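Participant: Sharing a structure, written as structure tokens. Questions coming.
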Amino acid sequence: MSDTQWDAYEVFHQKKKGDPHIHVGAVHAPDPQMALQMARDQFARRLQCVSLWVVNSRHITETDYQDERFFAQWIDKSYRDPKAFGAPEKEEP
Amino acid sequence: MNAEKTYEEKLAEFESRVARGEKVEPGDWMPEDYRKTLIRMIGQHAHSEIVGQLPEGKWIPFAPGFRRKLTLIAKVQDEAGHGQLLYRAAETLGKSREEMLEELLAGKAKYANVFNYPTPTWADVGVIGWLVDTAAVVNQTMLSQTSYGPYARAMKRICYEESFHIKQGYDAVAVLAKGTPEQRAMAQDAINRWWYPTLMMSGPPDTLSTHSQQSLKWRIKTKTNEQVRQEYVDLIAPQIRALGLSVPDNDCHVDEKTKHWHYTQPDWDELKRVVNGDGPCNKERLGVRKQVHEDGRWVREALAARQRRKEAVA
């Protein structure tokens, strides 16, 4: 019985135009078109949706949670933060 | 770097992270028992959703009226969707969906015991939505706080849909409770039969449960079985009475000191018997599941053929 596995596709859901596509989960499907059908049934059968993206899970490249150095802040980076400076937001008239 | 840390150091780090309420993601280091426990739990949960379609699904052709029929189809479709979400969550821990499906079909996998009880009347459909899904939501709301990220995310989505299941179930029973004497008797009979099986859903008392302590420590579960069961009884017992129906337990009352509902423990030997295959519907459920799998084979073959042809053309 080798017909029940299929590839996994990550699903991204856009609620309305102007919103970002948000990752909501994954479906199994034999091809991308079927993945869209499955994604509609799984993630858009109730909630508002104007667009879905599916990406074969194998095509996702991810960082390694265990490589703590990847996101390490080696030096104080507060100079990138607007709150680190004393300039006024807005002068009172 | 993690590679230079000993197992004990990694375990201590893991446990303190989890204790702080941080989530664990698929690529994280985790103790092997954590992985195994979650694969077992999420797999059983997925199987429960799949098998859970069957006791109610058989009522779809007989639902009283078109609106009830559509509602029931939607509910059963939700259960299938929940199964798929959960199989995927379990897959992130390294076990394939195919393997899990095969274990279920081979009768090697466990699923929620409650689905091994029969649904002889329409009232059973309402009572499953109301009682079984209330018990499920109490448990799943607890599990939406689990330390394993993919399981927590699936639970949040599932709980949202289960609240529709409870409401439609309550509504179906309320109609019967306000109906003819025969309809009231049918609703009461269903509650009588489902009361104890739903009490068993949160699992045996923690003194009898082998997995509880470790699961609590790693925040796989965030409440004990007894806490979850008490929450369920506190919610459902007053609702049953409010409809003019009764809880089939003469000792079910509010404890003046604790303000919680006191109840009689179910027969835990019965749970053991039914889980191990000797329930009223174990064979029927697995039989239907196998039949459905065979009936759907041509669809899977057609999809595979379509894919092969596309690859040949490309």
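Starting from 1 in every chain, residues are counted up; chains themselves are A, B, ... following the order of the structure tokens, and ligands are numbered from 1 as listed.
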Write out as a PyMOL selection string the residues lying within 12 Å of B:Arg17, counting only C-alpha atoms and excluding same-chain residues fewer than 5 positions away.
Facilitator: chain B and resi 10-12+22-24+28-30+147-148+217-219
Participant: Filtering to C-alpha atoms, could you give me those residues as a PDB file, in the first residue's frame?
Facilitator:
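Okay, this is what ended up in out05.pdb:
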```pdb
ATOM      1  CA  LYS B  10      20.748  19.201  26.878  1.00  0.00           C
ATOM      2  CA  LEU B  11      17.977  17.590  28.929  1.00  0.00           C
ATOM      3  CA  ALA B  12      18.313  20.171  31.706  1.00  0.00           C
ATOM      4  CA  GLU B  22       8.603  28.031  25.731  1.00  0.00           C
ATOM      5  CA  LYS B  23       7.477  25.924  22.771  1.00  0.00           C
ATOM      6  CA  VAL B  24       9.352  23.084  21.132  1.00  0.00           C
ATOM      7  CA  ASP B  28      14.690  21.368  18.189  1.00  0.00           C
ATOM      8  CA  TRP B  29      16.631  18.933  20.302  1.00  0.00           C
ATOM      9  CA  MET B  30      14.178  16.847  22.371  1.00  0.00           C
ATOM     10  CA  SER B 147       4.768  22.492  24.677  1.00  0.00           C
ATOM     11  CA  TYR B 148       4.972  20.996  21.160  1.00  0.00           C
ATOM     12  CA  LYS B 217       6.681  17.645  33.581  1.00  0.00           C
ATOM     13  CA  TRP B 218       7.394  18.155  29.875  1.00  0.00           C
ATOM     14  CA  ARG B 219       4.151  20.096  29.489  1.00  0.00           C
TER      15      ARG B 219
END
```
Participant: Applying 12 Å and only C-alpha atoms, which residues near B:Ile220 remain after dropping the ones on its own chain fewer than 3 positions away? List them as a ChimeraX atom specification.
Facilitator: /B:15,18-19,21-24,33-42,140,142-152,211-217,223-224
Participant: For A:Glu10, work out the shell of residues within 7 Å, counting only C-alpha atoms and skipping chain neighbours fewer than 6 positions away, then give it as an MDAnalysis selection string.
Facilitator: chainID A and resid 25:27 54:57
Participant: Would you mind listing, for every residue of chain A within 9 Å of chain B, the two atoms forming the shortest contact and the distance between them in Å to one decimal, using only C-alpha atoms, sorted by chain and ascending residue number, as a tab-separated table?
Facilitator:
```
residue	atom	partner	partner_atom	distance
A:Met1	CA	B:Glu102	CA	8.2
A:Ser2	CA	B:Glu98	CA	7.6
A:Asp3	CA	B:Arg300	CA	6.4
A:Thr4	CA	B:Glu98	CA	5.7
A:Gln5	CA	B:Glu98	CA	5.1
A:Trp6	CA	B:Glu98	CA	8.9
A:Ala8	CA	B:Arg88	CA	8.3
A:Val24	CA	B:Arg153	CA	8.7
A:Gly25	CA	B:Leu85	CA	7.6
A:Ala26	CA	B:Arg88	CA	7.1
A:Val27	CA	B:Gln84	CA	7.5
A:His28	CA	B:Arg88	CA	8.3
A:Pro30	CA	B:Ala304	CA	6.7
A:Asp31	CA	B:Gln307	CA	6.8
A:Met34	CA	B:Leu303	CA	8.8
A:Asp41	CA	B:Gly81	CA	8.2
A:Gln42	CA	B:Gly81	CA	5.9
A:Phe43	CA	B:Gly81	CA	8.9
A:Asp64	CA	B:Gly27	CA	6.7
A:Tyr65	CA	B:Asp28	CA	5.7
A:Gln66	CA	B:Asp28	CA	6.2
A:Asp67	CA	B:Met1	CA	7.3
A:Glu68	CA	B:Met1	CA	7.3
A:Arg69	CA	B:Met1	CA	8.1
```
Participant: Could you list, as a list of chain:residue names, every residue within 9 Å of A:Val50, counting only C-alpha atoms and ignoring same-chain residues fewer than 2 positions away?
Facilitator: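 Residues near the query, excluding close chain neighbours: A:His13, A:Gln14, A:Lys15, A:Lys16, A:Lys17, A:Gln48, A:Leu52.
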Participant: Mind writing the picked residues with N, CA and C atoms as a compact mmCIF listing (two decimals), in the first residue's frame?
Facilitator:
```txt
# COMPACT_ATOMS: atom_id res chain seq x y z
N HIS A 13 -2.31 31.30 3.45
CA HIS A 13 -3.70 31.74 3.32
C HIS A 13 -3.75 33.26 3.38
N GLN A 14 -4.40 33.87 2.38
CA GLN A 14 -4.60 35.32 2.41
C GLN A 14 -6.08 35.60 2.62
N LYS A 15 -6.37 36.30 3.70
CA LYS A 15 -7.76 36.53 4.08
C LYS A 15 -8.43 37.54 3.16
N LYS A 16 -7.78 38.67 2.95
CA LYS A 16 -8.30 39.64 1.97
C LYS A 16 -7.14 40.34 1.29
N LYS A 17 -7.42 40.92 0.11
CA LYS A 17 -6.36 41.59 -0.63
C LYS A 17 -5.75 42.68 0.24
N GLN A 48 -12.99 33.34 5.61
CA GLN A 48 -12.83 34.15 4.42
C GLN A 48 -11.44 33.93 3.81
N LEU A 52 -4.78 31.41 -2.07
CA LEU A 52 -3.99 30.40 -1.36
C LEU A 52 -2.70 30.17 -2.14
```
Participant: I'd like the contact shell of B:Asp278 - 12 Å cut-off, only C-alpha atoms, skipping same-chain residues fewer than 6 positions apart - returned as a PyMOL selection string.
Facilitator: chain B and resi 113+116-117+269-272+284
Participant: Any idea what the distance is between atom CA of B:Trp194 and atom CA of B:Leu72?
Facilitator: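 Taking atom CA of B:Trp194 and atom CA of B:Leu72, their separation equals 18.9 Å.
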Participant: Figure out the distance between atom CA of B:Asp255 and atom CA of B:Gly129, please, to one decimal in Å.
Facilitator: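 Pair atom CA of B:Gly129 / atom CA of B:Asp255 returns 27.5 Å.
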Participant: Work out how far apart atom CA of B:Asn282 and atom CA of B:Gly52 are and give it in Å to one decimal.
Facilitator: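 Calculated distance between atom CA of B:Asn282 and atom CA of B:Gly52 is 11.9 Å.
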Participant: Please run DSSP on the backbone and report, as an mmCIF file with N, CA and C atoms, in the first residue's frame, all residues within chain A that come out as helix (DSSP H, G or I).
Facilitator:
```
data_model
loop_
_atom_site.group_PDB
_atom_site.id
_atom_site.type_symbol
_atom_site.label_atom_id
_atom_site.label_comp_id
_atom_site.auth_asym_id
_atom_site.auth_seq_id
_atom_site.Cartn_x
_atom_site.Cartn_y
_atom_site.Cartn_z
ATOM 1 N N PRO A 32 0.683 19.834 -7.237
ATOM 2 C CA PRO A 32 0.337 21.162 -6.701
ATOM 3 C C PRO A 32 -1.126 21.549 -6.927
ATOM 4 N N GLN A 33 -1.707 21.172 -8.071
ATOM 5 C CA GLN A 33 -3.100 21.555 -8.323
ATOM 6 C C GLN A 33 -4.034 20.880 -7.312
ATOM 7 N N MET A 34 -3.789 19.608 -7.064
ATOM 8 C CA MET A 34 -4.602 18.914 -6.060
ATOM 9 C C MET A 34 -4.344 19.491 -4.675
ATOM 10 N N ALA A 35 -3.102 19.929 -4.446
ATOM 11 C CA ALA A 35 -2.786 20.534 -3.150
ATOM 12 C C ALA A 35 -3.636 21.780 -2.924
ATOM 13 N N LEU A 36 -3.866 22.552 -4.005
ATOM 14 C CA LEU A 36 -4.721 23.740 -3.867
ATOM 15 C C LEU A 36 -6.160 23.345 -3.520
ATOM 16 N N GLN A 37 -6.638 22.277 -4.162
ATOM 17 C CA GLN A 37 -8.000 21.793 -3.860
ATOM 18 C C GLN A 37 -8.101 21.348 -2.402
ATOM 19 N N MET A 38 -7.081 20.579 -1.991
ATOM 20 C CA MET A 38 -7.075 20.075 -0.608
ATOM 21 C C MET A 38 -6.979 21.249 0.375
ATOM 22 N N ALA A 39 -6.144 22.230 0.008
ATOM 23 C CA ALA A 39 -5.938 23.382 0.897
ATOM 24 C C ALA A 39 -7.231 24.175 1.037
ATOM 25 N N ARG A 40 -7.986 24.302 -0.064
ATOM 26 C CA ARG A 40 -9.267 25.008 0.018
ATOM 27 C C ARG A 40 -10.206 24.246 0.961
ATOM 28 N N ASP A 41 -10.285 22.916 0.778
ATOM 29 C CA ASP A 41 -11.185 22.123 1.629
ATOM 30 C C ASP A 41 -10.748 22.181 3.090
ATOM 31 N N GLN A 42 -9.436 22.157 3.300
ATOM 32 C CA GLN A 42 -8.937 22.085 4.677
ATOM 33 C C GLN A 42 -8.931 23.449 5.375
ATOM 34 N N PHE A 43 -8.520 24.494 4.671
ATOM 35 C CA PHE A 43 -8.266 25.764 5.364
ATOM 36 C C PHE A 43 -9.201 26.898 4.958
ATOM 37 N N SER A 57 6.726 20.984 0.547
ATOM 38 C CA SER A 57 7.506 21.154 1.787
ATOM 39 C C SER A 57 8.997 20.922 1.554
ATOM 40 N N ARG A 58 9.322 20.084 0.553
ATOM 41 C CA ARG A 58 10.739 19.815 0.275
ATOM 42 C C ARG A 58 11.444 21.056 -0.253
ATOM 43 N N HIS A 59 10.689 22.020 -0.767
ATOM 44 C CA HIS A 59 11.300 23.225 -1.341
ATOM 45 C C HIS A 59 11.502 24.337 -0.321
ATOM 46 N N SER A 78 21.428 48.470 19.725
ATOM 47 C CA SER A 78 20.356 49.398 20.066
ATOM 48 C C SER A 78 20.360 50.628 19.151
ATOM 49 N N TYR A 79 21.519 50.856 18.472
ATOM 50 C CA TYR A 79 21.579 52.007 17.567
ATOM 51 C C TYR A 79 20.622 51.846 16.386
ATOM 52 N N ARG A 80 20.106 50.586 16.186
ATOM 53 C CA ARG A 80 19.126 50.369 15.109
ATOM 54 C C ARG A 80 17.692 50.674 15.545
ATOM 55 N N PRO A 82 14.730 53.034 16.964
ATOM 56 C CA PRO A 82 14.382 54.466 17.069
ATOM 57 C C PRO A 82 14.289 54.929 18.519
ATOM 58 N N LYS A 83 13.928 54.009 19.430
ATOM 59 C CA LYS A 83 13.773 54.397 20.833
ATOM 60 C C LYS A 83 15.104 54.757 21.481
ATOM 61 N N ALA A 84 16.225 54.394 20.807
ATOM 62 C CA ALA A 84 17.537 54.663 21.387
ATOM 63 C C ALA A 84 17.941 56.122 21.217
#
```
